[in-house]
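Heads up, upload.cif below (mmCIF, C-alpha atoms):
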```cif
data_upload
#
loop_
_atom_site.group_PDB
_atom_site.id
_atom_site.type_symbol
_atom_site.label_atom_id
_atom_site.label_comp_id
_atom_site.auth_asym_id
_atom_site.auth_seq_id
_atom_site.Cartn_x
_atom_site.Cartn_y
_atom_site.Cartn_z
ATOM 1 C CA ASP O 1 64.074 30.524 18.795
ATOM 2 C CA VAL O 2 65.463 27.897 21.120
ATOM 3 C CA LYS O 3 62.797 25.944 22.953
ATOM 4 C CA VAL O 4 62.922 23.222 25.583
ATOM 5 C CA THR O 5 59.491 22.225 26.806
ATOM 6 C CA GLN O 6 58.743 20.267 29.938
ATOM 7 C CA SER O 7 55.351 18.624 30.040
ATOM 8 C CA SER O 8 54.267 19.581 33.542
ATOM 9 C CA ARG O 9 55.118 22.665 35.583
ATOM 10 C CA TYR O 10 53.656 21.327 38.826
ATOM 11 C CA LEU O 11 52.952 17.765 39.916
ATOM 12 C CA VAL O 12 51.779 16.281 43.192
ATOM 13 C CA LYS O 13 52.224 12.533 43.603
ATOM 14 C CA ARG O 14 51.981 10.013 46.407
ATOM 15 C CA THR O 15 54.779 7.875 47.760
ATOM 16 C CA GLY O 16 55.217 4.752 45.660
ATOM 17 C CA GLU O 17 53.637 6.158 42.512
ATOM 18 C CA LYS O 18 55.419 5.939 39.170
ATOM 19 C CA VAL O 19 56.175 9.384 37.796
ATOM 20 C CA PHE O 20 57.027 10.409 34.246
ATOM 21 C CA LEU O 21 58.586 13.765 33.440
ATOM 22 C CA GLU O 22 58.744 14.556 29.758
ATOM 23 C CA CYS O 23 61.043 16.951 27.954
ATOM 24 C CA VAL O 24 61.050 17.930 24.301
ATOM 25 C CA GLN O 25 63.499 20.175 22.446
ATOM 26 C CA ASP O 26 63.071 21.556 18.960
ATOM 27 C CA MET O 27 66.687 22.495 18.238
ATOM 28 C CA ASP O 28 67.954 19.130 16.946
ATOM 29 C CA HIS O 29 70.377 19.040 19.868
ATOM 30 C CA GLU O 30 72.315 15.854 20.459
ATOM 31 C CA ASN O 31 72.797 16.151 24.202
ATOM 32 C CA MET O 32 69.981 16.213 26.724
ATOM 33 C CA PHE O 33 70.164 16.370 30.493
ATOM 34 C CA TRP O 34 68.035 16.004 33.607
ATOM 35 C CA TYR O 35 68.994 17.997 36.693
ATOM 36 C CA ARG O 36 67.305 18.441 40.014
ATOM 37 C CA GLN O 37 67.612 21.677 41.929
ATOM 38 C CA ASP O 38 67.322 21.960 45.686
ATOM 39 C CA PRO O 39 67.948 25.023 47.880
ATOM 40 C CA GLY O 40 71.626 25.426 48.687
ATOM 41 C CA LEU O 41 72.638 22.437 46.561
ATOM 42 C CA GLY O 42 72.503 24.005 43.138
ATOM 43 C CA LEU O 43 71.791 21.835 40.128
ATOM 44 C CA ARG O 44 72.755 18.191 40.395
ATOM 45 C CA LEU O 45 72.940 16.008 37.309
ATOM 46 C CA ILE O 46 70.744 12.915 37.371
ATOM 47 C CA TYR O 47 71.222 11.468 33.879
ATOM 48 C CA PHE O 48 72.259 12.684 30.485
ATOM 49 C CA SER O 49 72.066 11.365 26.947
ATOM 50 C CA TYR O 50 74.277 12.157 23.981
ATOM 51 C CA ASP O 51 72.342 10.183 21.388
ATOM 52 C CA VAL O 52 69.115 8.305 20.828
ATOM 53 C CA LYS O 53 68.886 5.243 23.072
ATOM 54 C CA MET O 54 72.103 6.257 24.841
ATOM 55 C CA LYS O 55 72.196 7.280 28.475
ATOM 56 C CA GLU O 56 74.833 8.027 31.058
ATOM 57 C CA LYS O 57 74.527 8.312 34.813
ATOM 58 C CA GLY O 58 75.149 11.665 36.368
ATOM 59 C CA ASP O 59 75.990 12.387 39.972
ATOM 60 C CA ILE O 60 72.716 11.246 41.579
ATOM 61 C CA PRO O 61 71.032 8.554 39.414
ATOM 62 C CA GLU O 62 69.696 6.434 42.265
ATOM 63 C CA GLY O 63 65.922 6.119 42.175
ATOM 64 C CA TYR O 64 65.667 7.418 38.612
ATOM 65 C CA SER O 65 65.744 6.056 35.105
ATOM 66 C CA VAL O 66 65.540 7.726 31.700
ATOM 67 C CA SER O 67 64.398 7.007 28.198
ATOM 68 C CA ARG O 68 65.433 8.551 24.908
ATOM 69 C CA GLU O 69 63.614 6.869 22.045
ATOM 70 C CA LYS O 70 63.679 9.939 19.800
ATOM 71 C CA LYS O 71 66.294 12.639 19.455
ATOM 72 C CA GLU O 72 63.971 15.413 20.540
ATOM 73 C CA ARG O 73 62.506 13.703 23.607
ATOM 74 C CA PHE O 74 64.131 12.758 26.913
ATOM 75 C CA SER O 75 62.016 11.319 29.700
ATOM 76 C CA LEU O 76 62.816 11.017 33.386
ATOM 77 C CA ILE O 77 61.125 8.205 35.276
ATOM 78 C CA LEU O 78 60.713 7.777 38.993
ATOM 79 C CA GLU O 79 59.790 4.095 39.360
ATOM 80 C CA SER O 80 58.535 4.491 42.924
ATOM 81 C CA ALA O 81 58.418 8.069 44.097
ATOM 82 C CA SER O 82 59.671 8.905 47.563
ATOM 83 C CA THR O 83 59.379 12.070 49.625
ATOM 84 C CA ASN O 84 63.088 12.827 49.227
ATOM 85 C CA GLN O 85 62.487 13.180 45.498
ATOM 86 C CA THR O 86 60.406 16.292 46.111
ATOM 87 C CA SER O 87 62.325 18.858 44.089
ATOM 88 C CA MET O 88 62.495 21.096 41.037
ATOM 89 C CA TYR O 89 63.468 19.084 37.967
ATOM 90 C CA LEU O 90 65.136 20.868 35.073
ATOM 91 C CA CYS O 91 65.648 19.468 31.615
ATOM 92 C CA ALA O 92 68.323 20.932 29.360
ATOM 93 C CA SER O 93 69.784 20.354 25.932
ATOM 94 C CA SER O 94 72.975 21.319 24.152
ATOM 95 C CA LEU O 95 74.733 20.988 20.835
ATOM 96 C CA PRO O 96 78.367 20.048 21.383
ATOM 97 C CA ARG O 97 80.818 21.664 18.991
ATOM 98 C CA PRO O 98 84.592 21.039 19.055
ATOM 99 C CA GLY O 99 86.500 23.880 20.625
ATOM 100 C CA VAL O 100 83.395 25.815 21.607
ATOM 101 C CA PRO O 101 82.144 25.986 25.202
ATOM 102 C CA THR O 102 78.812 24.223 25.441
ATOM 103 C CA GLU O 103 75.733 26.285 26.220
ATOM 104 C CA LEU O 104 72.878 24.556 27.995
ATOM 105 C CA PHE O 105 69.321 25.550 27.160
ATOM 106 C CA PHE O 106 66.900 24.864 29.969
ATOM 107 C CA GLY O 107 63.220 24.141 30.129
ATOM 108 C CA GLU O 108 60.957 25.986 32.579
ATOM 109 C CA GLY O 109 61.230 23.250 35.176
ATOM 110 C CA SER O 110 58.832 20.765 36.757
ATOM 111 C CA ARG O 111 58.169 21.153 40.452
ATOM 112 C CA LEU O 112 57.382 17.736 41.894
ATOM 113 C CA THR O 113 55.927 17.235 45.353
ATOM 114 C CA VAL O 114 55.762 13.703 46.722
ATOM 115 C CA LEU O 115 53.406 13.258 49.663
ATOM 116 C CA GLN T 1 83.644 13.876 42.864
ATOM 117 C CA LYS T 2 84.122 17.189 41.141
ATOM 118 C CA GLU T 3 83.146 20.151 43.288
ATOM 119 C CA VAL T 4 82.192 23.699 42.491
ATOM 120 C CA GLU T 5 81.911 26.011 45.478
ATOM 121 C CA GLN T 6 80.132 29.334 45.791
ATOM 122 C CA ASN T 7 79.156 31.486 48.738
ATOM 123 C CA SER T 8 75.372 31.193 48.976
ATOM 124 C CA GLY T 9 74.927 34.821 50.048
ATOM 125 C CA PRO T 10 72.827 36.830 49.915
ATOM 126 C CA LEU T 11 75.266 39.380 48.577
ATOM 127 C CA SER T 12 73.723 42.794 48.957
ATOM 128 C CA VAL T 13 75.042 45.779 46.989
ATOM 129 C CA PRO T 14 73.625 49.252 46.387
ATOM 130 C CA GLU T 15 72.461 50.249 42.941
ATOM 131 C CA GLY T 16 75.367 51.458 40.804
ATOM 132 C CA ALA T 17 78.013 49.527 42.735
ATOM 133 C CA ILE T 18 80.185 46.669 41.498
ATOM 134 C CA ALA T 19 79.005 43.199 42.490
ATOM 135 C CA SER T 20 81.727 40.555 42.759
ATOM 136 C CA LEU T 21 80.752 36.897 42.654
ATOM 137 C CA ASN T 22 83.281 34.152 43.256
ATOM 138 C CA CYS T 23 83.586 30.456 42.502
ATOM 139 C CA THR T 24 86.237 27.800 43.105
ATOM 140 C CA TYR T 25 86.425 24.377 41.498
ATOM 141 C CA SER T 26 88.245 21.173 42.311
ATOM 142 C CA ASP T 27 88.861 19.521 38.927
ATOM 143 C CA ARG T 28 92.174 20.859 37.703
ATOM 144 C CA VAL T 29 91.659 19.657 34.109
ATOM 145 C CA SER T 30 88.427 21.621 33.612
ATOM 146 C CA GLN T 31 88.613 23.780 30.512
ATOM 147 C CA SER T 32 85.421 25.797 30.210
ATOM 148 C CA PHE T 33 83.568 27.831 32.782
ATOM 149 C CA PHE T 34 80.163 29.434 32.763
ATOM 150 C CA TRP T 35 78.018 31.870 34.647
ATOM 151 C CA TYR T 36 74.264 31.371 34.568
ATOM 152 C CA ARG T 37 71.695 33.783 35.972
ATOM 153 C CA GLN T 38 68.492 32.440 37.487
ATOM 154 C CA TYR T 39 65.615 34.697 38.428
ATOM 155 C CA SER T 40 63.284 33.449 41.132
ATOM 156 C CA GLY T 41 60.890 30.871 39.710
ATOM 157 C CA LYS T 42 62.652 30.802 36.356
ATOM 158 C CA SER T 43 65.171 28.519 34.705
ATOM 159 C CA PRO T 44 68.879 29.386 34.403
ATOM 160 C CA GLU T 45 70.107 31.356 31.425
ATOM 161 C CA LEU T 46 73.686 31.681 30.235
ATOM 162 C CA ILE T 47 75.274 35.106 30.631
ATOM 163 C CA MET T 48 79.014 34.449 30.240
ATOM 164 C CA SER T 49 81.444 31.711 29.298
ATOM 165 C CA ILE T 50 85.220 31.776 29.608
ATOM 166 C CA TYR T 51 87.989 29.284 28.892
ATOM 167 C CA SER T 52 91.203 31.304 28.797
ATOM 168 C CA ASN T 53 93.029 32.741 31.777
ATOM 169 C CA GLY T 54 92.386 36.421 32.282
ATOM 170 C CA ASP T 55 89.352 38.636 31.811
ATOM 171 C CA LYS T 56 86.480 38.507 29.380
ATOM 172 C CA GLU T 57 84.151 41.482 29.158
ATOM 173 C CA ASP T 58 80.603 41.666 27.815
ATOM 174 C CA GLY T 59 78.795 44.897 28.522
ATOM 175 C CA ARG T 60 78.512 45.377 32.277
ATOM 176 C CA PHE T 61 79.721 41.828 32.948
ATOM 177 C CA THR T 62 83.337 40.693 33.294
ATOM 178 C CA ALA T 63 84.329 37.086 33.870
ATOM 179 C CA GLN T 64 87.756 36.406 35.321
ATOM 180 C CA LEU T 65 89.539 33.058 35.231
ATOM 181 C CA ASN T 66 92.641 31.902 37.081
ATOM 182 C CA LYS T 67 93.274 28.244 36.341
ATOM 183 C CA ALA T 68 96.350 28.043 38.566
ATOM 184 C CA SER T 69 94.238 29.054 41.561
ATOM 185 C CA GLN T 70 91.161 27.171 40.252
ATOM 186 C CA TYR T 71 89.115 30.289 40.639
ATOM 187 C CA VAL T 72 86.558 32.026 38.445
ATOM 188 C CA SER T 73 84.684 35.212 39.213
ATOM 189 C CA LEU T 74 81.983 37.435 37.777
ATOM 190 C CA LEU T 75 81.970 41.202 38.146
ATOM 191 C CA ILE T 76 78.832 43.187 37.463
ATOM 192 C CA ARG T 77 79.471 46.893 37.036
ATOM 193 C CA ASP T 78 76.820 49.556 37.620
ATOM 194 C CA SER T 79 74.578 46.985 39.320
ATOM 195 C CA GLN T 80 70.863 47.425 38.719
ATOM 196 C CA PRO T 81 67.883 46.103 40.717
ATOM 197 C CA SER T 82 67.106 43.940 37.670
ATOM 198 C CA ASP T 83 70.402 42.118 38.302
ATOM 199 C CA SER T 84 68.932 40.708 41.529
ATOM 200 C CA ALA T 85 68.980 36.956 40.957
ATOM 201 C CA THR T 86 70.892 33.819 41.811
ATOM 202 C CA TYR T 87 74.124 33.405 39.885
ATOM 203 C CA LEU T 88 75.282 29.876 39.198
ATOM 204 C CA CYS T 89 78.859 29.000 38.385
ATOM 205 C CA ALA T 90 79.313 25.919 36.185
ATOM 206 C CA VAL T 91 82.374 23.969 35.122
ATOM 207 C CA GLU T 92 82.530 21.744 32.048
ATOM 208 C CA ASP T 93 84.251 18.374 32.143
ATOM 209 C CA ASN T 94 87.213 17.664 29.915
ATOM 210 C CA ALA T 95 85.139 15.668 27.452
ATOM 211 C CA GLY T 96 82.821 18.623 26.924
ATOM 212 C CA ASN T 97 79.742 16.644 27.870
ATOM 213 C CA MET T 98 78.768 17.603 31.364
ATOM 214 C CA LEU T 99 78.469 20.698 33.485
ATOM 215 C CA THR T 100 78.889 20.639 37.249
ATOM 216 C CA PHE T 101 77.124 23.517 38.965
ATOM 217 C CA GLY T 102 77.854 25.333 42.186
ATOM 218 C CA GLY T 103 75.120 26.023 44.702
ATOM 219 C CA GLY T 104 74.664 29.574 43.470
ATOM 220 C CA THR T 105 75.066 33.027 45.011
ATOM 221 C CA ARG T 106 71.987 35.109 45.586
ATOM 222 C CA LEU T 107 72.584 38.735 44.631
ATOM 223 C CA MET T 108 70.375 41.560 45.873
ATOM 224 C CA VAL T 109 70.791 45.016 44.367
ATOM 225 C CA LYS T 110 69.102 47.657 46.483
ATOM 226 C CA PRO T 111 67.755 50.860 44.871
#
```

Would you mind writing the structure in this file as structure tokens?
Amino acid sequence: DVKVTQSSRYLVKRTGEKVFLECVQDMDHENMFWYRQDPGLGLRLIYFSYDVKMKEKGDIPEGYSVSREKKERFSLILESASTNQTSMYLCASSLPRPGVPTELFFGEGSRLTVL
Amino acid sequence: QKEVEQNSGPLSVPEGAIASLNCTYSDRVSQSFFWYRQYSGKSPELIMSIYSNGDKEDGRFTAQLNKASQYVSLLIRDSQPSDSATYLCAVEDNAGNMLTFGGGTRLMVKP
């Protein structure tokens, strides 16, 4: 069964703290993604990775960085958390196949509150 | 920037009725389109994908695509209270790497 696991369901951090959000998938998927979800704004792509050590900026990368040292693990880093980064963070993975629409598999989400 | 637009709702329909959810997109070269369902407090799950003009049916769900009008819709027949959720429209980029999501439409099916 497909499984994407996010390390923390709920986090509370203070402004200026460094925050790590971890995501692990067990499907040998090549592509991994970090989205944030805010009411009325849907899911917005922060970063994605299509291979180990590769990363691409999404629509809203400012204030974030990522790391993909192993195929199964994709980490999102907030170098200095700010209150406007309070959000639900969703990790997803996919296996691209030519000619086949890509299905994203999502983790359960990490709800981050920055005080 | 690519845009995907949905009416946020809530869309309220009685049990047994047809629910019609709509989505427009700005990137004319988009090829693949998706509908995800998200229950409150849960992560999105894929329910339909479509990439050819016309209708695609799967059980009570029908996805409709009109590339000329840049419009994709989802029909849910015989709506059930368990269909109450937020429905997210997503559009894949031409390279097949990224999905852009709409803001979602909240559907409420009343018994």

Using all atoms listed in the file, find which residues of chain O lie within 7 Å of chain T and jot them down as a PDB file with C-alpha atoms, keeping the file's coordinate frame.
```
ATOM      1  CA  GLY O  40      71.626  25.426  48.687  1.00  0.00           C
ATOM      2  CA  LEU O  41      72.638  22.437  46.561  1.00  0.00           C
ATOM      3  CA  GLY O  42      72.503  24.005  43.138  1.00  0.00           C
ATOM      4  CA  LEU O  43      71.791  21.835  40.128  1.00  0.00           C
ATOM      5  CA  PRO O 101      82.144  25.986  25.202  1.00  0.00           C
ATOM      6  CA  PHE O 106      66.900  24.864  29.969  1.00  0.00           C
ATOM      7  CA  GLY O 107      63.220  24.141  30.129  1.00  0.00           C
ATOM      8  CA  GLU O 108      60.957  25.986  32.579  1.00  0.00           C
ATOM      9  CA  GLY O 109      61.230  23.250  35.176  1.00  0.00           C
TER      10      GLY O 109
END
```

From the options T:Gln70, T:Asp93, T:Ser82, T:Ile76, which residue's atoms come nearest to Cys23 (chain T), counting all atoms listed in the file?
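Among the listed residues, T:Gln70 lies closest to Cys23 (chain T).
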
Quick one, how far is CA of Leu65 (chain T) from CA of Ser52 (chain T)?
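CA of Leu65 (chain T) sits 6.9 Å away from CA of Ser52 (chain T).
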
Given the PyMOL selection byres ((chain O and resi 66-80) around 6) and the file above, list the residues it selects as number ranges by chain.
O: 16-25, 52-53, 64-65, 81

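By all atoms listed in the file, and with residues fewer than 3 positions from Gln64 (chain T) along its chain excluded, the set lying at most 8 Å from it is T:Ile50, T:Asn53, T:Gly54, T:Asp55, T:Lys56, T:Val72, T:Ser73, T:Leu74.
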